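As provided, upload-v5.cif (mmCIF, C-alpha atoms and all ligand atoms) reads as follows.
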```
data_start
#
loop_
_atom_site.label_atom_id
_atom_site.label_comp_id
_atom_site.auth_asym_id
_atom_site.auth_seq_id
_atom_site.Cartn_x
_atom_site.Cartn_y
_atom_site.Cartn_z
CA MET B 208 1.28 -2.80 21.70
CA ARG B 209 3.88 -0.10 21.50
CA LEU B 210 6.96 0.74 19.57
CA GLN B 211 9.89 1.27 21.91
CA GLU B 212 12.46 2.11 19.29
CA ILE B 213 13.05 1.78 15.59
CA LYS B 214 16.35 2.10 13.76
CA LEU B 215 16.46 2.79 10.05
CA THR B 216 19.53 2.11 7.93
CA ASN B 217 19.45 3.17 4.27
CA PHE B 218 15.67 3.19 4.32
CA ARG B 219 14.22 5.77 1.90
CA LYS B 220 15.99 9.07 2.58
CA HIS B 221 17.31 8.04 6.01
CA ALA B 222 20.85 6.68 5.88
CA GLY B 223 20.82 6.21 9.64
CA LEU B 224 18.13 7.26 12.10
CA ALA B 225 16.80 6.06 15.44
CA PHE B 226 13.39 6.99 16.78
CA ALA B 227 12.10 6.18 20.26
CA PRO B 228 8.54 7.47 20.64
CA SER B 229 6.65 7.95 23.89
CA ASP B 230 3.85 5.58 24.93
CA ARG B 231 1.06 7.99 24.12
CA ILE B 232 0.54 10.56 21.36
CA ASN B 233 3.67 11.46 19.38
CA LEU B 234 3.92 14.27 16.88
CA LEU B 235 6.66 13.85 14.33
CA TYR B 236 7.11 17.22 12.67
CA GLY B 237 9.29 18.60 9.88
CA MET B 238 9.21 20.33 6.53
CA ASN B 239 7.81 18.78 3.38
CA GLY B 240 10.18 16.09 2.18
CA SER B 241 12.01 15.85 5.51
CA GLY B 242 11.22 12.14 5.75
CA LYS B 243 8.28 11.92 8.18
CA THR B 244 6.20 9.56 6.07
CA ASN B 245 9.37 7.52 5.49
CA ILE B 246 9.54 6.84 9.23
CA LEU B 247 5.89 5.77 9.42
CA GLU B 248 6.54 3.51 6.46
CA ALA B 249 9.46 1.91 8.29
CA VAL B 250 7.21 1.17 11.29
CA HIS B 251 4.59 -0.21 8.93
CA TYR B 252 7.18 -2.61 7.48
CA CYS B 253 7.91 -4.01 10.91
CA THR B 254 4.23 -4.58 11.67
CA LEU B 255 2.76 -5.65 8.32
CA ALA B 256 5.83 -6.73 6.32
CA ARG B 257 5.40 -4.09 3.65
CA GLY B 258 5.47 -0.37 2.94
CA LEU B 259 2.64 2.14 2.69
CA ASN B 260 0.40 2.62 -0.31
CA LYS B 261 1.52 -0.38 -2.34
CA SER B 262 5.14 0.76 -2.47
CA LEU B 263 7.73 -1.80 -3.52
CA ASP B 264 10.68 -3.00 -1.43
CA LYS B 265 13.17 -1.68 -3.95
CA GLU B 266 11.57 1.78 -3.85
CA CYS B 267 12.32 1.94 -0.14
CA LEU B 268 16.00 1.30 -0.67
CA ASN B 269 18.01 4.51 -0.32
CA PHE B 270 19.15 5.71 -3.75
CA ALA B 271 22.81 5.55 -2.72
CA ALA B 272 22.72 2.17 -0.96
CA ASP B 273 22.50 -1.49 -1.87
CA TYR B 274 20.69 -2.75 1.23
CA PHE B 275 18.31 -1.47 3.87
CA LEU B 276 17.79 -2.61 7.41
CA LEU B 277 15.01 -1.91 9.90
CA ASP B 278 15.31 -2.81 13.52
CA GLY B 279 12.14 -2.42 15.55
CA SER B 280 11.71 -3.13 19.21
CA PHE B 281 8.11 -3.49 20.41
CA ALA B 282 6.43 -4.37 23.68
CA ASP B 283 2.92 -5.72 24.03
CA ASP B 284 0.44 -4.46 26.62
CA ARG B 285 1.73 -7.01 29.15
CA GLY B 286 5.29 -5.81 28.58
CA ILE B 287 6.52 -8.79 26.57
CA GLU B 288 9.12 -7.64 24.07
CA LEU B 289 9.18 -8.41 20.41
CA ALA B 290 12.14 -7.60 18.17
CA VAL B 291 11.47 -7.32 14.45
CA LYS B 292 14.21 -6.98 11.86
CA VAL B 293 13.56 -6.42 8.19
CA SER B 294 16.42 -6.63 5.74
CA TYR B 295 16.47 -6.14 2.02
CA ALA B 296 19.34 -6.14 -0.40
CA LYS B 297 19.42 -5.32 -4.08
CA ASN B 298 18.62 -8.39 -6.18
CA ALA B 299 17.77 -10.45 -3.11
CA GLU B 300 14.60 -11.41 -1.29
CA LYS B 301 13.44 -9.40 1.68
CA LYS B 302 13.98 -11.18 4.99
CA ILE B 303 12.09 -10.74 8.24
CA PHE B 304 13.25 -11.91 11.65
CA VAL B 305 11.12 -11.98 14.79
CA ASN B 306 13.09 -12.36 18.01
CA GLY B 307 16.04 -13.53 15.96
CA GLU B 308 14.16 -16.20 14.04
CA GLU B 309 13.65 -15.84 10.31
CA LEU B 310 10.03 -16.05 9.16
CA LYS B 311 9.31 -18.63 6.49
CA LYS B 312 6.30 -16.68 5.28
CA PHE B 313 5.69 -12.97 5.73
CA SER B 314 2.06 -13.75 6.58
CA GLN B 315 3.39 -15.10 9.90
CA LEU B 316 4.07 -11.53 10.96
CA ILE B 317 0.53 -10.29 10.29
CA GLY B 318 -1.40 -9.81 13.51
CA ARG B 319 1.62 -10.08 15.83
CA ILE B 320 1.83 -6.29 16.10
CA PRO B 321 -1.66 -4.89 15.56
CA CYS B 322 -1.41 -1.62 13.67
CA VAL B 323 -3.93 0.85 12.25
CA THR B 324 -3.02 3.55 9.75
CA PHE B 325 -4.57 6.77 8.55
CA SER B 326 -3.24 8.56 5.52
CA PRO B 327 -4.70 10.98 2.97
CA MET B 328 -3.98 8.34 0.29
CA GLU B 329 -6.46 6.06 2.00
CA LEU B 330 -9.36 8.37 1.12
CA ALA B 331 -9.67 6.01 -1.81
CA VAL B 332 -11.16 3.50 0.64
CA VAL B 333 -14.15 5.81 0.94
CA ASN B 334 -14.40 7.25 -2.57
CA GLY B 335 -12.25 5.02 -4.79
CA SER B 336 -12.83 1.73 -6.57
CA PRO B 337 -14.30 -1.41 -4.92
CA GLN B 338 -10.81 -2.91 -4.93
CA GLU B 339 -9.73 -0.31 -2.36
CA ARG B 340 -12.54 -1.32 -0.01
CA ARG B 341 -11.79 -5.01 -0.45
CA ARG B 342 -8.18 -4.32 0.39
CA PHE B 343 -9.28 -2.39 3.48
CA MET B 344 -11.39 -5.33 4.69
CA ASP B 345 -8.73 -7.89 3.84
CA ASN B 346 -6.00 -5.98 5.65
CA ALA B 347 -8.10 -5.38 8.75
CA LEU B 348 -9.42 -8.92 8.93
CA SER B 349 -6.02 -10.46 8.31
CA GLN B 350 -4.77 -8.76 11.45
CA THR B 351 -7.66 -9.82 13.62
CA ASN B 352 -8.68 -13.23 12.32
CA LYS B 353 -6.12 -15.97 11.63
CA ARG B 354 -8.55 -18.13 9.72
CA TYR B 355 -9.41 -15.22 7.44
CA LEU B 356 -5.87 -14.71 6.22
CA ALA B 357 -5.41 -18.44 5.60
CA ASP B 358 -8.74 -18.66 3.73
CA LEU B 359 -7.95 -15.58 1.69
CA LEU B 360 -4.56 -16.90 0.56
CA GLN B 361 -6.12 -20.23 -0.28
CA TYR B 362 -9.01 -18.53 -2.09
CA ARG B 363 -6.58 -16.64 -4.32
CA ARG B 364 -4.85 -19.90 -5.29
CA VAL B 365 -8.11 -21.69 -6.01
CA LEU B 366 -9.42 -18.71 -7.98
CA GLN B 367 -6.32 -18.73 -10.14
CA GLN B 368 -6.70 -22.48 -10.77
CA ARG B 369 -10.34 -22.10 -11.68
CA ASN B 370 -9.61 -19.19 -14.02
CA THR B 371 -6.89 -21.20 -15.72
CA LEU B 372 -9.36 -24.04 -16.29
CA LEU B 373 -12.03 -21.64 -17.59
CA ALA B 374 -9.54 -20.03 -19.93
CA ALA B 375 -8.64 -23.40 -21.42
CA ALA B 376 -12.17 -24.85 -21.45
CA SER B 377 -14.16 -25.55 -24.54
CA GLY B 378 -17.30 -26.67 -22.67
CA LYS B 379 -16.88 -30.48 -22.90
CA GLY B 380 -18.02 -32.96 -20.22
CA VAL B 381 -14.73 -33.90 -18.55
CA GLU B 382 -13.65 -30.29 -18.30
CA LYS B 383 -16.96 -29.35 -16.74
CA GLU B 384 -16.58 -31.97 -14.01
CA ASN B 385 -13.12 -30.69 -13.35
CA ILE B 386 -14.34 -27.10 -13.08
CA ASP B 387 -17.15 -28.21 -10.76
CA VAL B 388 -14.60 -29.56 -8.28
CA TRP B 389 -12.93 -26.16 -8.16
CA THR B 390 -16.29 -24.38 -8.00
CA GLU B 391 -17.09 -26.23 -4.82
CA LYS B 392 -13.70 -25.52 -3.23
CA LEU B 393 -13.99 -21.88 -4.21
CA SER B 394 -17.53 -21.54 -2.87
CA LEU B 395 -16.64 -22.97 0.54
CA LEU B 396 -13.74 -20.54 0.92
CA ALA B 397 -15.81 -17.68 -0.49
CA ALA B 398 -18.59 -18.33 2.02
CA SER B 399 -16.15 -18.20 4.90
CA ILE B 400 -14.58 -14.97 3.61
CA VAL B 401 -17.89 -13.24 2.90
CA SER B 402 -19.38 -14.18 6.23
CA SER B 403 -16.29 -12.87 8.07
CA ARG B 404 -16.46 -9.66 6.08
CA ILE B 405 -20.13 -9.10 6.86
CA GLY B 406 -19.48 -9.73 10.56
CA PHE B 407 -16.57 -7.32 10.37
CA ILE B 408 -18.39 -4.41 8.77
CA MET B 409 -21.35 -4.77 11.12
CA GLN B 410 -19.03 -4.76 14.12
CA LEU B 411 -17.13 -1.82 12.66
CA LEU B 412 -20.37 0.11 12.17
CA GLY B 413 -21.14 -0.43 15.85
CA TYR B 414 -17.94 1.40 16.79
CA PHE B 415 -18.20 3.88 13.95
CA GLY B 416 -21.62 5.28 14.97
CA PRO B 417 -20.57 6.94 18.23
CA VAL B 418 -17.18 8.09 16.82
CA TYR B 419 -18.79 9.69 13.80
CA GLU B 420 -21.40 11.31 16.00
CA GLU B 421 -18.58 12.95 17.95
CA LEU B 422 -16.73 14.14 14.83
CA GLY B 423 -19.38 14.50 12.18
CA LEU B 424 -22.17 16.79 11.21
CA GLY B 425 -25.04 14.82 12.64
CA GLU B 426 -25.76 12.40 9.80
CA MET B 427 -26.64 8.76 10.43
CA PRO B 428 -24.04 6.38 9.01
CA GLY B 429 -24.80 3.03 7.43
CA PHE B 430 -22.57 0.28 5.99
CA SER B 431 -23.74 -2.57 3.81
CA TYR B 432 -22.01 -5.44 2.07
CA ARG B 433 -22.62 -5.69 -1.65
CA SER B 434 -22.12 -9.26 -2.72
CA SER B 435 -21.67 -10.30 -6.32
CA ILE B 436 -24.14 -13.13 -5.74
CA GLY B 437 -27.11 -11.00 -4.71
CA ARG B 438 -28.63 -8.69 -2.15
CA GLN B 439 -30.01 -11.08 0.48
CA VAL B 440 -26.55 -12.31 1.51
CA PRO B 441 -26.24 -10.61 4.95
CA ASP B 442 -28.93 -12.79 6.48
CA MET B 443 -27.37 -16.10 5.42
CA THR B 444 -25.28 -18.46 7.49
CA GLU B 445 -21.93 -19.54 6.11
CA ASP B 446 -23.39 -22.89 4.95
CA GLU B 447 -26.30 -21.20 3.22
CA LEU B 448 -23.88 -18.84 1.54
CA ALA B 449 -21.82 -21.71 0.15
CA VAL B 450 -24.93 -23.42 -1.20
CA ALA B 451 -26.24 -20.17 -2.72
CA MET B 452 -22.89 -19.59 -4.32
CA ILE B 453 -22.67 -23.04 -5.93
CA HIS B 454 -26.24 -22.57 -7.17
CA ARG B 455 -25.44 -19.17 -8.65
CA PHE B 456 -22.31 -20.52 -10.34
CA ARG B 457 -24.52 -23.08 -12.07
CA GLU B 458 -26.79 -20.31 -13.34
CA ILE B 459 -23.94 -18.34 -14.90
CA GLU B 460 -21.99 -21.32 -16.19
CA SER B 461 -22.29 -20.43 -19.86
CA GLN B 462 -21.38 -16.79 -19.18
CA GLU B 463 -18.23 -17.87 -17.35
CA LEU B 464 -17.23 -20.22 -20.12
CA TYR B 465 -17.76 -17.43 -22.61
CA ARG B 466 -15.88 -14.79 -20.61
CA LYS B 467 -13.29 -17.37 -19.48
CA GLN B 468 -13.14 -16.10 -15.92
CA THR B 469 -14.74 -16.43 -12.49
CA LEU B 470 -17.48 -13.82 -12.34
CA LEU B 471 -18.64 -14.16 -8.72
CA GLY B 472 -17.05 -14.17 -5.33
CA PRO B 473 -15.43 -11.98 -2.70
CA HIS B 474 -12.91 -10.74 -5.27
CA ARG B 475 -15.81 -8.88 -6.90
CA ASP B 476 -17.67 -7.65 -3.82
CA ASP B 477 -17.86 -4.18 -2.32
CA ILE B 478 -19.00 -2.22 0.72
CA VAL B 479 -21.45 0.64 0.41
CA PHE B 480 -20.96 3.47 2.90
CA ARG B 481 -23.91 5.76 3.51
CA LEU B 482 -24.70 8.91 5.45
CA ASN B 483 -28.41 9.48 5.97
CA ASP B 484 -29.03 6.78 3.36
CA ILE B 485 -27.03 8.63 0.71
CA GLU B 486 -23.99 6.91 -0.78
CA VAL B 487 -20.87 8.61 0.61
CA LYS B 488 -18.69 7.78 -2.38
CA ARG B 489 -20.90 9.71 -4.77
CA TYR B 490 -22.24 12.64 -2.81
CA ALA B 491 -20.09 13.44 0.23
CA SER B 492 -18.14 16.71 0.50
CA GLN B 493 -14.35 16.65 0.95
CA GLY B 494 -14.74 17.35 4.65
CA GLN B 495 -17.30 14.59 5.06
CA LEU B 496 -15.04 12.13 3.22
CA ARG B 497 -12.09 12.92 5.49
CA THR B 498 -14.17 12.81 8.63
CA PHE B 499 -15.65 9.54 7.47
CA LEU B 500 -12.21 8.03 6.93
CA ILE B 501 -10.78 9.14 10.25
CA ALA B 502 -13.90 7.95 12.08
CA MET B 503 -13.53 4.62 10.32
CA LYS B 504 -9.91 4.29 11.40
CA LEU B 505 -10.76 5.25 14.99
CA ALA B 506 -13.54 2.65 14.91
CA LEU B 507 -11.10 0.12 13.50
CA GLN B 508 -8.70 0.85 16.33
CA LYS B 509 -11.42 -0.09 18.81
CA LEU B 510 -12.37 -3.18 16.84
CA VAL B 511 -8.78 -4.40 16.61
CA ARG B 512 -8.36 -3.88 20.32
CA GLU B 513 -11.47 -5.90 21.04
CA ALA B 514 -10.46 -8.68 18.64
CA THR B 515 -6.82 -9.01 19.65
CA GLY B 516 -6.89 -7.83 23.26
CA GLU B 517 -4.04 -5.45 22.38
CA LYS B 518 -4.20 -1.71 21.90
CA PRO B 519 -3.00 -1.32 18.30
CA LEU B 520 -0.32 1.07 17.23
CA PHE B 521 -1.86 3.99 15.36
CA LEU B 522 0.09 5.66 12.55
CA LEU B 523 -1.50 8.88 11.29
CA ASP B 524 0.09 10.59 8.32
CA ASP B 525 -0.71 14.28 7.71
CA LEU B 526 -3.65 14.31 10.08
CA PHE B 527 -3.69 18.07 10.58
CA SER B 528 -3.82 19.00 6.92
CA GLU B 529 -6.86 16.83 6.54
CA LEU B 530 -9.04 18.13 9.37
CA ASP B 531 -10.09 21.45 10.83
CA ARG B 532 -8.90 22.52 14.28
CA LYS B 533 -12.06 21.47 16.09
CA ARG B 534 -11.98 17.98 14.64
CA VAL B 535 -8.27 17.64 15.32
CA GLU B 536 -8.94 18.32 19.01
CA LYS B 537 -11.70 15.76 19.05
CA VAL B 538 -9.52 13.18 17.31
CA LEU B 539 -6.72 13.80 19.79
CA GLY B 540 -9.25 13.38 22.61
CA LEU B 541 -10.32 10.04 21.16
CA LEU B 542 -6.70 8.94 20.70
CA ASP B 543 -5.69 9.83 24.22
CA GLY B 544 -5.63 6.77 26.43
CA SER B 545 -6.32 4.39 23.56
CA GLY B 546 -2.70 3.38 23.02
CA GLN B 547 0.36 4.69 21.27
CA SER B 548 0.00 6.87 18.21
CA ILE B 549 2.45 8.58 15.89
CA ILE B 550 1.16 11.58 13.97
CA THR B 551 3.08 13.49 11.31
CA ALA B 552 2.72 17.22 10.68
CA THR B 553 4.67 19.98 8.94
CA SER B 554 4.98 22.15 12.04
CA LYS B 555 5.32 21.76 15.78
CA LYS B 556 2.07 22.06 17.73
CA GLU B 557 1.85 22.92 21.39
CA ILE B 558 -0.82 20.54 22.56
CA ASP B 559 -1.17 19.08 26.05
CA GLY B 560 -0.29 15.43 26.27
CA VAL B 561 1.37 15.39 22.84
CA HIS B 562 5.07 14.57 22.65
CA SER B 563 6.66 16.52 19.75
CA ILE B 564 9.78 15.34 17.93
CA SER B 565 11.58 17.13 15.10
CA VAL B 566 12.51 14.85 12.20
CA GLU B 567 15.38 17.12 11.23
CA GLU B 568 16.87 16.70 14.71
CA LEU B 569 16.37 12.93 14.61
CA ALA B 570 18.05 12.77 11.22
CA GLN B 571 21.04 14.75 12.49
CA SER B 572 21.50 12.85 15.71
CA LEU B 573 23.17 9.84 14.13
CA VAL B 574 25.21 11.59 11.48
N1 LIG B 601 14.49 5.36 -1.92
C1 LIG B 601 14.78 6.63 -1.59
N2 LIG B 601 16.06 7.04 -1.43
C2 LIG B 601 16.36 8.31 -1.08
N3 LIG B 601 15.43 9.27 -0.90
C3 LIG B 601 14.15 8.92 -1.05
C4 LIG B 601 13.75 7.59 -1.39
N4 LIG B 601 12.40 7.54 -1.46
C5 LIG B 601 11.97 8.77 -1.18
N5 LIG B 601 13.00 9.61 -0.94
C6 LIG B 601 12.94 11.03 -0.61
O1 LIG B 601 12.32 11.18 0.64
C7 LIG B 601 11.58 12.38 0.64
C8 LIG B 601 10.16 12.11 1.03
O2 LIG B 601 10.11 11.81 2.35
P1 LIG B 601 8.70 11.77 3.05
O3 LIG B 601 7.65 11.38 2.12
O4 LIG B 601 8.88 10.97 4.29
O5 LIG B 601 8.56 13.31 3.41
P2 LIG B 601 7.55 13.97 4.40
O6 LIG B 601 8.33 14.55 5.52
O7 LIG B 601 6.48 13.01 4.75
O8 LIG B 601 6.98 15.15 3.50
P3 LIG B 601 5.52 15.76 3.38
O9 LIG B 601 5.37 16.74 4.49
O10 LIG B 601 5.56 16.44 2.06
O11 LIG B 601 4.55 14.64 3.43
C9 LIG B 601 11.55 12.91 -0.75
O12 LIG B 601 12.37 14.04 -0.81
C10 LIG B 601 12.08 11.80 -1.59
O13 LIG B 601 12.81 12.25 -2.69
MG MG B 602 4.53 12.88 4.20
#
```
Write-out of the structure in C-alpha cells:
Amino acid sequence: MRLQEIKLTNFRKHAGLAFAPSDRINLLYGMNGSGKTNILEAVHYCTLARGLNKSLDKECLNFAADYFLLDGSFADDRGIELAVKVSYAKNAEKKIFVNGEELKKFSQLIGRIPCVTFSPMELAVVNGSPQERRRFMDNALSQTNKRYLADLLQYRRVLQQRNTLLAAASGKGVEKENIDVWTEKLSLLAASIVSSRIGFIMQLLGYFGPVYEELGLGEMPGFSYRSSIGRQVPDMTEDELAVAMIHRFREIESQELYRKQTLLGPHRDDIVFRLNDIEVKRYASQGQLRTFLIAMKLALQKLVREATGEKPLFLLDDLFSELDRKRVEKVLGLLDGSGQSIITATSKKEIDGVHSISVEELAQSLV
C-alpha cells in the first residue's frame, strides 16, 4: 500500500498543503513546529479514521477555520487505487468517504489501508500502563483480523451492559440469572479476543527476535500474555478459555457484586515484555526502551504484511532523535524494500535511497 498524494485543507497548522511522497523512504524535514507531525497525523486519519496520540477531531481543526478536509489518494500493491476523504466541520460529525462513498461506520475503514506508526509518544507501549499495551494489541489486531474488531466492539457493549447490571444488583435470584446470561456472552467474546491476542504476540515475537538481534545489544527478548484469569491461559484453546472464564466468574461472584463491576477479562489483561528474562518496563535503559519500541514496530510491519498481503505504510515520527546513528542506519536498512515509509526529522539528511522533502517548501507551494 502506498500514499500517492494527500491534500490538507485547514488541518492543524496547514491551511492548504499537498504532499506526494515517493514509493520508498521519505524524509520530511523542517524546524520544530513547522508542521511535520501534522502531516503524519493527516495520513493517519485517512488510514485509521483518527489522529495520533488520542487527539480529538476538533483539535485538528485549524484555529482560524470552521472545517477541515483531507484528501488522500492511495494505491495498493497491485496498483488498485483508493481515494479517502475525511471532512469535519465545527459542531458536525466527521465524515469519511472511500472512493466517493460515505462510510456508515468508521470501523469500515480499518484494515483497508494497513498502516504502522512509530512515535516517541508510543514509548508508553513499552513502559506505560497496561492500557497502553492493550491499545497497541487492539489497534494492530483490528487492522489484521476482521473478526477481532467486530468481537472487540461487541465485547465493549456487553461489558457495559454487565457493569450496568452489577451496579444495580442487590444479589437477588432473578438479577443473578440475568447477570449469568451476560457472563456467558462476555466470556465467549473474551475467549475469542484473548486467544487472538496470544496468537498475535507469539507471532510478533517471531518477527521481533531477528529484528532486535540486528538492532539491540544482544539480549534475548520474550513476550508473555498476562491474563486476569490466571497464568496457564496461553496453552488453552478458545473453548477451554471460555469455560475457564465462566468458572472464574463464578468464583469471584460476590467480589463483583460488592465492587459493582466486571473484574476479569481482556479489558484488564496485559503483556509482559522481557529482555534476558528481566521485565523491560521496570529495568530497561532509555536506549533499550527505544530500540525495543522500534524493533516492535518493524516486527509489526512484517506481521501486518503477512496477515494482509499488503506492505503497510510506515509513519515514523522523530526517528532520528530517538536513536543513535548506527541504529538509524540499521533501521533504514530494514525499511528499505519493505514498502513506503515517511520519516520526520528536524534537518535534512543526505542518505542514499532516502527522498528528502522540506515541509517549509511544501507549505509555501500552495500559498
Ligand atoms: N488546530 C491547530 N490550528 C493551528 N495550528 C495548530 C493546530 N494544532 C497545532 N498547531 C500548531 O502546529 C504546530 C505543531 O506542528 P507539528 O507538531 O506538526 O510540528 P513538528 O514539525 O512536528 O515539530 P517538532 O519538530 O517539534 O516535532 C505548533 O506550532 C502548533 O501550535
Ligand atoms: Mg513533531
Any idea what's packed within 12 Å of Gly540 in chain B, counting all atoms listed in the file, ignoring anything in its chain fewer than 2 positions away? Could you give it as a PyMOL selection string? chain B and resi 231-232+418+421-422+505+533-538+542-546+558-561
Using all atoms listed in the file, I'd like a table of the residues in chain B that come within 6 Å of ligand LIG 601 (chain B); for each, show the closest atom pair and its distance in Å rounded to one decimal, ordered by chain and ascending number, as a tab-separated table.
```
residue	atom	partner	partner_atom	distance
B:Arg219	CA	B:LIG601	C1	3.6
B:Lys220	CA	B:LIG601	N3	3.5
B:Met238	CA	B:LIG601	O9	5.6
B:Asn239	CA	B:LIG601	O9	3.4
B:Gly240	CA	B:LIG601	O5	3.4
B:Ser241	CA	B:LIG601	O6	3.9
B:Gly242	CA	B:LIG601	O4	3.0
B:Lys243	CA	B:LIG601	O6	3.7
B:Thr244	CA	B:LIG601	O4	3.5
B:Asn245	CA	B:LIG601	O4	3.7
B:Glu266	CA	B:LIG601	N1	5.0
B:Cys267	CA	B:LIG601	N1	4.4
B:Leu268	CA	B:LIG601	N1	4.5
B:Asn269	CA	B:LIG601	N2	3.4
B:Phe270	CA	B:LIG601	N2	4.1
B:Thr553	CA	B:LIG601	O9	5.5
```
Counting all atoms listed in the file, figure out which residue out of B:Leu366, B:Ile550, B:Ala570, B:Leu507 gets nearest to Ala225 in chain B.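 The shortest atom-to-atom distance to Ala225 in chain B comes from B:Ala570.
Each of B:Leu482, B:Leu360, B:Ile303, B:Leu448 was compared to Leu276 in chain B using all atoms listed in the file, and B:Ile303 turns out to be the nearest.
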Find the residues near range 431-435 of chain B: any atom within 7 Å, counting all atoms listed in the file, skip ones fewer than 3 places away on the same chain, and give them as a PyMOL selection string. chain B and resi 405+438+440+471-472+475-480
At a cut-off of 12 Å, using all atoms listed in the file, what residues contact Phe281 in chain B? Leave out same-chain residues fewer than 4 positions from it and give the result as a PyMOL selection string. chain B and resi 208-214+227-228+230+250+253-254+285-292+305-306+319-322+519-520+547
Near range 451-465 of chain B, within 9 Å and counting all atoms listed in the file, which residues show up once chain neighbours fewer than 5 positions away are dropped, as a list in words?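 Here the answer would be Leu373, Ala374, Ala376, Ser377, Gly378, Asp387, Thr390, Glu391, Leu393, Ser394, Leu395, Ala397, Ala398, Ile436, Val440, Asp446, Leu470, Leu471 and Gly472 of chain B.
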Using only C-alpha atoms and all ligand atoms, which of B:Asp524, B:Thr515, B:Gly494, B:Tyr274 sits nearest ligand MG 602 (chain B)? B:Asp524
Measure the distance from CA of Met427 in chain B to CA of Asn483 in chain B in Å and round it to one decimal.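 We find that CA of Met427 in chain B and CA of Asn483 in chain B lie 4.9 Å from each other.
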CA of Ile485 in chain B to CA of Pro473 in chain B measures 23.9 Å
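Closest to ligand MG 602 (chain B) among B:Ser326, B:Ser314, B:Gln468, B:Ser349 is B:Ser326, based on all atoms listed in the file.
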Restricting the calculation to all atoms listed in the file: of B:Leu510, B:Ala271, B:Ala331, B:Ala552, which residue gets closest to ligand MG 602 (chain B)? B:Ala552
Let me make sure I understand: among B:Leu496, B:Leu330, B:Val381, B:Leu247, which one has the smallest atom-to-atom distance to ligand MG 602 (chain B) if we use all atoms listed in the file?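 Closest to ligand MG 602 (chain B) of all the choices is B:Leu247.
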Subset file: range 271-325 of chain B, C-alpha atoms, as a PDB file, in the first residue's frame:
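Written out: part21.pdb:
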```pdb
ATOM      1  CA  ALA B 271      -8.823  30.098  12.070  1.00  0.00           C
ATOM      2  CA  ALA B 272     -11.157  27.740  10.193  1.00  0.00           C
ATOM      3  CA  ASP B 273     -14.533  26.115  10.684  1.00  0.00           C
ATOM      4  CA  TYR B 274     -13.940  22.936   8.689  1.00  0.00           C
ATOM      5  CA  PHE B 275     -11.073  20.698   7.657  1.00  0.00           C
ATOM      6  CA  LEU B 276     -10.729  18.434   4.680  1.00  0.00           C
ATOM      7  CA  LEU B 277      -8.266  15.656   3.903  1.00  0.00           C
ATOM      8  CA  ASP B 278      -8.000  14.125   0.504  1.00  0.00           C
ATOM      9  CA  GLY B 279      -5.797  11.053   0.279  1.00  0.00           C
ATOM     10  CA  SER B 280      -5.080   9.023  -2.795  1.00  0.00           C
ATOM     11  CA  PHE B 281      -3.634   5.553  -2.181  1.00  0.00           C
ATOM     12  CA  ALA B 282      -2.705   2.592  -4.341  1.00  0.00           C
ATOM     13  CA  ASP B 283      -2.421  -0.978  -3.137  1.00  0.00           C
ATOM     14  CA  ASP B 284       0.449  -3.285  -4.076  1.00  0.00           C
ATOM     15  CA  ARG B 285      -1.442  -4.432  -7.185  1.00  0.00           C
ATOM     16  CA  GLY B 286      -1.954  -0.819  -8.240  1.00  0.00           C
ATOM     17  CA  ILE B 287      -5.646  -0.550  -7.400  1.00  0.00           C
ATOM     18  CA  GLU B 288      -6.442   2.984  -6.325  1.00  0.00           C
ATOM     19  CA  LEU B 289      -8.306   4.003  -3.238  1.00  0.00           C
ATOM     20  CA  ALA B 290      -9.454   7.567  -2.593  1.00  0.00           C
ATOM     21  CA  VAL B 291     -10.138   8.542   1.005  1.00  0.00           C
ATOM     22  CA  LYS B 292     -11.722  11.835   2.005  1.00  0.00           C
ATOM     23  CA  VAL B 293     -12.162  12.943   5.583  1.00  0.00           C
ATOM     24  CA  SER B 294     -14.224  16.002   6.339  1.00  0.00           C
ATOM     25  CA  TYR B 295     -15.003  17.649   9.618  1.00  0.00           C
ATOM     26  CA  ALA B 296     -16.882  20.811  10.378  1.00  0.00           C
ATOM     27  CA  LYS B 297     -17.380  22.628  13.643  1.00  0.00           C
ATOM     28  CA  ASN B 298     -20.396  21.275  15.515  1.00  0.00           C
ATOM     29  CA  ALA B 299     -20.875  18.473  12.999  1.00  0.00           C
ATOM     30  CA  GLU B 300     -19.909  14.821  12.806  1.00  0.00           C
ATOM     31  CA  LYS B 301     -16.780  13.781  10.987  1.00  0.00           C
ATOM     32  CA  LYS B 302     -17.468  12.129   7.639  1.00  0.00           C
ATOM     33  CA  ILE B 303     -15.330   9.658   5.751  1.00  0.00           C
ATOM     34  CA  PHE B 304     -15.702   8.753   2.087  1.00  0.00           C
ATOM     35  CA  VAL B 305     -13.941   5.875   0.351  1.00  0.00           C
ATOM     36  CA  ASN B 306     -13.996   6.071  -3.439  1.00  0.00           C
ATOM     37  CA  GLY B 307     -16.794   8.594  -3.178  1.00  0.00           C
ATOM     38  CA  GLU B 308     -18.999   6.506  -0.906  1.00  0.00           C
ATOM     39  CA  GLU B 309     -19.686   7.650   2.626  1.00  0.00           C
ATOM     40  CA  LEU B 310     -18.847   5.100   5.324  1.00  0.00           C
ATOM     41  CA  LYS B 311     -21.659   4.259   7.706  1.00  0.00           C
ATOM     42  CA  LYS B 312     -19.203   3.263  10.409  1.00  0.00           C
ATOM     43  CA  PHE B 313     -15.610   4.415  10.726  1.00  0.00           C
ATOM     44  CA  SER B 314     -14.617   0.856  11.616  1.00  0.00           C
ATOM     45  CA  GLN B 315     -15.241   0.026   7.929  1.00  0.00           C
ATOM     46  CA  LEU B 316     -12.063   1.913   7.083  1.00  0.00           C
ATOM     47  CA  ILE B 317      -9.846  -0.045   9.491  1.00  0.00           C
ATOM     48  CA  GLY B 318      -7.668  -2.527   7.640  1.00  0.00           C
ATOM     49  CA  ARG B 319      -8.319  -1.114   4.155  1.00  0.00           C
ATOM     50  CA  ILE B 320      -5.026   0.795   4.242  1.00  0.00           C
ATOM     51  CA  PRO B 321      -2.644  -1.092   6.525  1.00  0.00           C
ATOM     52  CA  CYS B 322      -0.513   1.390   8.429  1.00  0.00           C
ATOM     53  CA  VAL B 323       2.139   1.113  11.137  1.00  0.00           C
ATOM     54  CA  THR B 324       3.329   4.071  13.194  1.00  0.00           C
ATOM     55  CA  PHE B 325       6.333   4.850  15.330  1.00  0.00           C
TER      56      PHE B 325
END
```
